[in-house]
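> Structure: data_6.cif, mmCIF, C-alpha atoms and all ligand atoms.
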data_data
#
loop_
_atom_site.label_atom_id
_atom_site.label_comp_id
_atom_site.auth_asym_id
_atom_site.auth_seq_id
_atom_site.Cartn_x
_atom_site.Cartn_y
_atom_site.Cartn_z
CA MET D 18 28.86 16.18 24.14
CA LYS D 19 29.96 12.88 22.62
CA VAL D 20 29.40 12.12 18.92
CA ASP D 21 29.09 8.46 17.87
CA VAL D 22 28.77 7.57 14.22
CA ASP D 23 28.08 3.86 13.75
CA GLY D 24 27.92 1.79 10.59
CA LEU D 25 27.06 4.81 8.47
CA SER D 26 26.63 4.21 4.74
CA VAL D 27 25.34 6.36 1.90
CA ARG D 28 24.33 4.97 -1.48
CA ILE D 29 23.05 7.31 -4.15
CA ALA D 30 21.95 6.02 -7.55
CA GLY D 31 23.77 2.74 -6.98
CA ALA D 32 27.06 4.43 -5.97
CA HIS D 33 28.41 3.63 -2.51
CA LEU D 34 29.65 7.08 -1.43
CA VAL D 35 30.18 6.28 2.26
CA ARG D 36 30.85 2.73 3.43
CA ASP D 37 30.15 1.51 6.93
CA VAL D 38 31.84 4.41 8.74
CA THR D 39 32.30 4.27 12.49
CA LEU D 40 33.72 7.40 14.10
CA ARG D 41 33.90 8.65 17.68
CA ALA D 42 34.42 12.23 18.82
CA GLY D 43 34.72 12.45 22.58
CA SER D 44 33.34 15.44 24.48
CA GLY D 45 35.50 18.52 23.93
CA ARG D 46 37.71 16.87 21.32
CA LEU D 47 38.77 18.41 18.03
CA VAL D 48 38.53 15.61 15.48
CA GLY D 49 39.72 16.02 11.90
CA LEU D 50 38.50 14.21 8.78
CA VAL D 51 41.05 14.12 5.98
CA GLY D 52 41.04 12.42 2.60
CA PRO D 53 41.56 13.10 -1.09
CA ASN D 54 39.06 14.94 -3.31
CA GLY D 55 35.89 12.96 -3.76
CA SER D 56 36.65 10.52 -0.92
CA GLY D 57 33.33 11.17 0.85
CA LYS D 58 34.19 13.77 3.53
CA SER D 59 31.33 16.16 2.72
CA THR D 60 28.85 13.32 2.23
CA LEU D 61 29.73 11.90 5.64
CA LEU D 62 29.57 15.33 7.32
CA ARG D 63 26.24 16.10 5.63
CA CYS D 64 24.82 13.02 7.36
CA VAL D 65 26.21 14.27 10.68
CA TYR D 66 24.62 17.71 10.33
CA ARG D 67 21.45 16.20 8.91
CA ALA D 68 21.48 17.62 5.41
CA LEU D 69 21.41 14.02 4.21
CA ARG D 70 19.78 10.91 5.63
CA PRO D 71 22.16 7.95 5.57
CA THR D 72 21.13 4.74 3.84
CA ALA D 73 22.26 2.83 6.93
CA GLY D 74 23.79 3.58 10.31
CA THR D 75 23.28 6.10 13.09
CA VAL D 76 24.61 9.40 14.40
CA ARG D 77 24.19 9.76 18.16
CA LEU D 78 24.85 12.74 20.43
CA ASP D 79 25.44 11.56 24.00
CA GLY D 80 23.62 8.37 23.00
CA GLU D 81 20.55 10.07 21.41
CA ASP D 82 19.78 9.42 17.76
CA LEU D 83 20.26 12.77 16.01
CA HIS D 84 18.10 11.83 13.02
CA ALA D 85 15.19 11.03 15.35
CA MET D 86 15.29 14.48 17.04
CA ALA D 87 13.02 17.40 16.14
CA PRO D 88 14.97 19.83 13.92
CA ARG D 89 15.00 22.61 16.50
CA GLU D 90 16.14 20.23 19.24
CA GLY D 91 19.01 19.03 17.04
CA ALA D 92 19.93 22.61 16.13
CA ARG D 93 20.27 23.57 19.80
CA ARG D 94 22.98 20.94 20.12
CA LEU D 95 24.72 20.91 16.77
CA ALA D 96 25.75 23.70 14.39
CA ALA D 97 27.39 23.30 11.01
CA LEU D 98 29.43 25.23 8.52
CA PRO D 99 28.70 23.53 5.17
CA GLN D 100 31.09 23.86 2.26
CA GLU D 101 28.72 25.90 0.13
CA VAL D 102 26.12 28.28 1.49
CA VAL D 103 24.08 30.13 -1.09
CA THR D 104 20.91 31.14 0.72
CA GLU D 105 21.88 34.38 2.46
CA PHE D 106 20.70 36.52 -0.42
CA GLY D 107 19.66 40.01 0.63
CA PHE D 108 20.56 39.82 4.33
CA THR D 109 22.97 41.95 6.31
CA VAL D 110 25.81 40.29 8.21
CA ALA D 111 24.02 40.99 11.52
CA GLU D 112 20.89 39.26 10.19
CA VAL D 113 22.84 36.24 8.98
CA VAL D 114 24.49 35.83 12.41
CA ALA D 115 21.11 36.32 14.15
CA MET D 116 19.85 33.22 12.29
CA GLY D 117 22.13 31.27 14.61
CA ARG D 118 19.89 32.25 17.53
CA LEU D 119 16.67 30.87 15.96
CA PRO D 120 16.87 27.41 17.59
CA HIS D 121 16.91 29.14 21.00
CA GLN D 122 13.88 31.36 20.35
CA ARG D 123 10.21 30.49 20.60
CA ALA D 124 8.46 30.53 17.21
CA SER D 125 6.75 33.89 17.83
CA ALA D 126 9.63 35.51 19.74
CA ARG D 127 11.69 38.36 18.37
CA THR D 128 15.44 38.65 18.72
CA SER D 129 16.11 39.71 22.32
CA ALA D 130 18.84 41.96 23.69
CA ALA D 131 20.56 38.83 24.99
CA ASP D 132 20.44 37.29 21.48
CA ARG D 133 21.90 40.46 19.99
CA ASP D 134 24.64 40.34 22.59
CA HIS D 135 25.48 36.72 21.65
CA CYS D 136 25.66 37.71 17.99
CA ALA D 137 27.85 40.75 18.65
CA ARG D 138 30.26 38.63 20.70
CA ALA D 139 30.37 35.92 18.04
CA LEU D 140 31.18 38.49 15.34
CA ASP D 141 33.81 40.01 17.57
CA ARG D 142 35.41 36.58 18.17
CA VAL D 143 35.99 36.13 14.44
CA GLY D 144 37.23 39.70 13.97
CA ALA D 145 34.19 40.71 11.91
CA ALA D 146 32.38 43.17 14.22
CA HIS D 147 33.02 45.99 11.76
CA LEU D 148 31.08 44.12 9.05
CA ALA D 149 27.78 43.90 10.96
CA GLU D 150 25.78 46.30 8.77
CA ARG D 151 27.27 45.20 5.44
CA ALA D 152 25.23 43.17 2.94
CA PHE D 153 26.40 39.55 3.27
CA LEU D 154 26.71 39.17 -0.50
CA SER D 155 29.05 42.16 -0.73
CA LEU D 156 31.69 40.42 1.42
CA SER D 157 34.86 38.74 0.17
CA GLY D 158 35.06 34.94 0.35
CA GLY D 159 37.14 35.06 3.53
CA GLU D 160 34.84 37.61 5.19
CA LYS D 161 31.81 35.45 4.35
CA GLN D 162 33.51 32.42 5.85
CA ARG D 163 34.22 34.28 9.12
CA VAL D 164 30.62 35.52 9.32
CA LEU D 165 29.29 31.98 8.82
CA ILE D 166 31.59 30.76 11.59
CA ALA D 167 30.20 33.54 13.79
CA ARG D 168 26.67 32.36 12.96
CA ALA D 169 27.58 28.82 14.01
CA LEU D 170 29.15 30.10 17.26
CA ALA D 171 26.09 32.29 17.99
CA GLN D 172 24.07 29.07 17.92
CA GLU D 173 25.98 28.02 21.08
CA PRO D 174 26.23 24.41 19.94
CA LYS D 175 27.65 21.55 21.95
CA VAL D 176 28.84 20.03 18.68
CA LEU D 177 30.26 21.96 15.75
CA VAL D 178 30.65 20.35 12.31
CA LEU D 179 32.88 22.21 9.88
CA ASP D 180 33.41 21.37 6.22
CA GLU D 181 36.69 22.99 5.18
CA PRO D 182 36.44 25.99 7.53
CA THR D 183 39.73 27.44 6.26
CA ASN D 184 38.47 27.73 2.66
CA HIS D 185 39.01 31.26 1.33
CA LEU D 186 40.97 32.35 4.42
CA ASP D 187 44.48 33.79 4.29
CA ILE D 188 47.09 32.05 6.42
CA ALA D 189 46.69 34.36 9.44
CA GLN D 190 42.91 33.84 9.39
CA GLN D 191 43.31 30.08 9.00
CA LEU D 192 45.39 29.95 12.17
CA GLU D 193 43.00 32.38 13.91
CA VAL D 194 39.90 30.33 13.11
CA LEU D 195 41.44 26.99 14.08
CA THR D 196 42.82 28.45 17.31
CA LEU D 197 39.36 29.80 18.12
CA VAL D 198 37.78 26.43 17.42
CA ARG D 199 40.43 24.58 19.44
CA ASP D 200 40.04 26.95 22.40
CA ARG D 201 36.29 26.40 22.33
CA ALA D 202 36.77 22.65 22.16
CA ALA D 203 39.15 22.89 25.10
CA GLY D 204 36.41 24.53 27.13
CA ASP D 205 36.53 28.32 27.05
CA VAL D 206 32.73 27.95 26.89
CA PRO D 207 30.96 26.06 29.71
CA GLY D 208 31.14 22.32 29.08
CA GLY D 209 33.33 22.75 25.99
CA MET D 210 32.37 21.97 22.44
CA THR D 211 33.05 18.90 20.36
CA VAL D 212 34.34 19.72 16.89
CA LEU D 213 34.35 17.52 13.80
CA THR D 214 36.03 19.16 10.84
CA ALA D 215 37.08 18.23 7.33
CA LEU D 216 40.45 19.73 6.45
CA HIS D 217 42.47 19.58 3.24
CA ASP D 218 45.62 21.05 4.75
CA LEU D 219 47.32 18.11 6.43
CA ASN D 220 49.71 20.36 8.34
CA LEU D 221 46.82 22.27 9.89
CA ALA D 222 45.16 18.93 10.64
CA ALA D 223 48.36 17.67 12.30
CA GLY D 224 48.89 20.90 14.23
CA TYR D 225 45.38 21.39 15.58
CA CYS D 226 43.45 18.12 15.78
CA ASP D 227 43.42 15.77 18.76
CA GLU D 228 42.57 12.86 16.48
CA LEU D 229 42.30 12.26 12.77
CA TYR D 230 40.16 9.96 10.66
CA VAL D 231 41.41 9.27 7.15
CA ILE D 232 38.78 8.47 4.53
CA ALA D 233 39.45 6.98 1.11
CA ARG D 234 36.79 5.87 -1.41
CA GLY D 235 34.11 6.29 1.26
CA ALA D 236 35.72 4.13 3.94
CA ILE D 237 37.80 4.99 7.01
CA VAL D 238 41.29 3.59 6.44
CA ALA D 239 43.12 4.95 9.52
CA SER D 240 42.38 6.83 12.73
CA GLY D 241 44.23 8.00 15.81
CA ALA D 242 46.65 10.72 16.92
CA PRO D 243 47.93 12.76 13.95
CA ALA D 244 51.55 11.66 14.49
CA ASP D 245 50.50 8.00 14.40
CA VAL D 246 48.19 8.36 11.41
CA LEU D 247 50.13 10.61 9.03
CA THR D 248 52.89 8.16 8.10
CA PRO D 249 54.77 8.39 4.80
CA GLN D 250 53.26 5.03 3.82
CA LEU D 251 49.68 6.18 4.42
CA LEU D 252 50.30 9.46 2.60
CA ALA D 253 51.68 7.56 -0.38
CA ASP D 254 48.85 5.02 -0.39
CA VAL D 255 45.93 7.42 0.17
CA PHE D 256 47.08 10.76 -1.23
CA GLY D 257 49.64 9.55 -3.78
CA VAL D 258 52.45 11.82 -2.52
CA ARG D 259 55.90 11.35 -1.05
CA ALA D 260 55.99 12.93 2.42
CA HIS D 261 58.87 13.86 4.69
CA ARG D 262 58.05 14.29 8.35
CA VAL D 263 59.60 17.04 10.47
CA ARG D 264 58.79 18.32 13.94
CA HIS D 265 57.54 21.84 14.49
CA PRO D 266 60.41 23.47 16.44
CA GLU D 267 58.08 25.11 18.97
CA SER D 268 54.96 22.97 19.31
CA GLY D 269 56.66 19.63 18.53
CA SER D 270 53.71 18.63 16.32
CA VAL D 271 54.39 16.57 13.19
CA GLN D 272 54.60 18.66 10.03
CA LEU D 273 54.92 17.39 6.48
CA LEU D 274 56.90 18.38 3.41
CA PHE D 275 55.61 16.95 0.15
CA ASP D 276 56.98 15.79 -3.20
CA ARG D 277 55.36 14.07 -6.12
CA LEU D 278 55.49 10.31 -5.84
CA GLY D 279 57.95 8.59 -8.16
N1 LIG B 301 24.09 13.47 -4.91
C1 LIG B 301 25.12 12.79 -5.46
N2 LIG B 301 24.91 11.91 -6.49
C2 LIG B 301 25.93 11.22 -7.02
N3 LIG B 301 27.20 11.31 -6.60
C3 LIG B 301 27.47 12.14 -5.59
C4 LIG B 301 26.45 12.92 -4.96
N4 LIG B 301 27.02 13.66 -3.97
C5 LIG B 301 28.33 13.36 -4.01
N5 LIG B 301 28.61 12.46 -4.97
C6 LIG B 301 29.93 11.88 -5.30
O1 LIG B 301 30.40 11.25 -4.13
C7 LIG B 301 31.81 11.36 -4.04
C8 LIG B 301 32.18 11.94 -2.69
O2 LIG B 301 31.84 13.33 -2.70
P1 LIG B 301 32.15 14.26 -1.45
O3 LIG B 301 31.68 15.64 -1.81
O4 LIG B 301 31.59 13.64 -0.23
O5 LIG B 301 33.74 14.18 -1.41
P2 LIG B 301 34.79 15.06 -0.59
O6 LIG B 301 35.74 14.11 0.04
O7 LIG B 301 34.09 16.03 0.30
O8 LIG B 301 35.50 15.82 -1.79
P3 LIG B 301 36.28 17.25 -1.88
O9 LIG B 301 37.55 17.08 -1.09
O10 LIG B 301 36.56 17.34 -3.35
O11 LIG B 301 35.37 18.31 -1.36
C9 LIG B 301 32.24 12.19 -5.24
O12 LIG B 301 32.69 11.33 -6.25
C10 LIG B 301 30.97 12.91 -5.65
O13 LIG B 301 30.96 13.20 -7.03
#
What is this structure when it is put down as structure tokens?
Ligand SMILES: Nc1ncnc2c1ncn2[C@@H]1O[C@H](COP(=O)(O)OP(=O)(O)OP(=O)(O)O)[C@@H](O)[C@H]1O


Amino acid sequence: MKVDVDGLSVRIAGAHLVRDVTLRAGSGRLVGLVGPNGSGKSTLLRCVYRALRPTAGTVRLDGEDLHAMAPREGARRLAALPQEVVTEFGFTVAEVVAMGRLPHQRASARTSAADRDHCARALDRVGAAHLAERAFLSLSGGEKQRVLIARALAQEPKVLVLDEPTNHLDIAQQLEVLTLVRDRAAGDVPGGMTVLTALHDLNLAAGYCDELYVIARGAIVASGAPADVLTPQLLADVFGVRAHRVRHPESGSVQLLFDRLG
């Protein structure tokens, strides 16, 4: 499913947090959003997963205006992992993941065996099957993050929006989660899944994303293949660091070594 963001702007209390953003994520692509702290990544993503209504502009999924869709209809197509989730008080892990099935159930329906199967597989995919009966709030930060990814996968979305999915994860889990997301985008589920993700780690962004959008002070300042976008000049201008580019000896992807500027 294709995601088209056009002319999207957000103004809150006179501050222009997102400025006229246009962004395309083709079907089955893994698209990264990178930018310094406070540059507008979360605000932009919140508009895409409908936690925030933009002041101007549209978000379309295969041409259909997402903000005009009924909530349940939107939730069947798009799942999100926000940066902060605080509402799962008092639920077990299995119950939190089962929430991902709600958009697929009729209002009066109970969780079916097929739903439970989806949830079990999603938990298994993130290596968290053993946590199913634990209280969500008793989990470590990394365990919580994996469970919330499982909930998003259980939703069987065509579009997945992730805000810093590697937060709280150790390095092995970071690679695991991004590999899982990339495999899904590449189509190990029927029709594939389009992924839009904010990432702070530029080396993960370079290694995993098909395309990158760079945001600074609310506006997109560069986009394209990671190797074309992550130039020393851009990294100095936008992130204020001196960057040396090297090639990963196995994958050939661009990787960066950083120093302070000046
Ligand atoms: N509701 C709000 N009212 C006023 N300012 C806001 C509001 N929400 C966000 N901002 C401001 O908008 C700017 C962009 O915030 P946003 O969270 O989108 O940045 P970000 O790129 O995701 O940052 P980080 O990398 O630190 O998570 C920040 O300066 C933030 O303080």

> Please report the interatomic distance between CA of Ala137 (chain D) and CA of Ala202 (chain D) in Å with one decimal.

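CA of Ala202 (chain D) lies at a distance of 20.5 Å from CA of Ala137 (chain D).
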
> Axis-aligned box over every listed atom of ligand LIG 301 (chain B), padded by 5 Å per side: centre and edges in Å to one decimal, as lines of an AutoDock Vina configuration file?


center_x = 30.8
center_y = 14.8
center_z = -3.4
size_x = 23.5
size_y = 17.1
size_z = 17.3

> Pick out the residues no farther than 10 Å from ligand LIG 301 (chain B), counting all atoms listed in the file, and list them as a PyMOL selection string.

chain D and resi 27-35+50-63+69+100+180-181+215-217+232-235

> Do a neighbour search on Val176 (chain D) at 8 Å with only C-alpha atoms, toss out local chain neighbours closer than 6 positions, and write the hits as a PyMOL selection string.

chain D and resi 18+20+94-96+210-213

> Restricting the calculation to all atoms listed in the file: of D:Leu40, D:Leu47, D:Leu119, D:Val194, which residue gets closest to Ile237 (chain D)?

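Residue with the minimum atom-to-atom distance to Ile237 (chain D): D:Leu40.
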
> So, counting only C-alpha atoms, which residue among D:Pro249, D:Gly80, D:Pro120, D:Pro88 is closest to Asp132 (chain D)?

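Nearest to Asp132 (chain D): D:Pro120.
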
> Measuring atom to atom with only C-alpha atoms, identify which of D:Asp37, D:Asp218, D:Met86, D:Gly49 is nearest to Pro243 (chain D).

D:Gly49
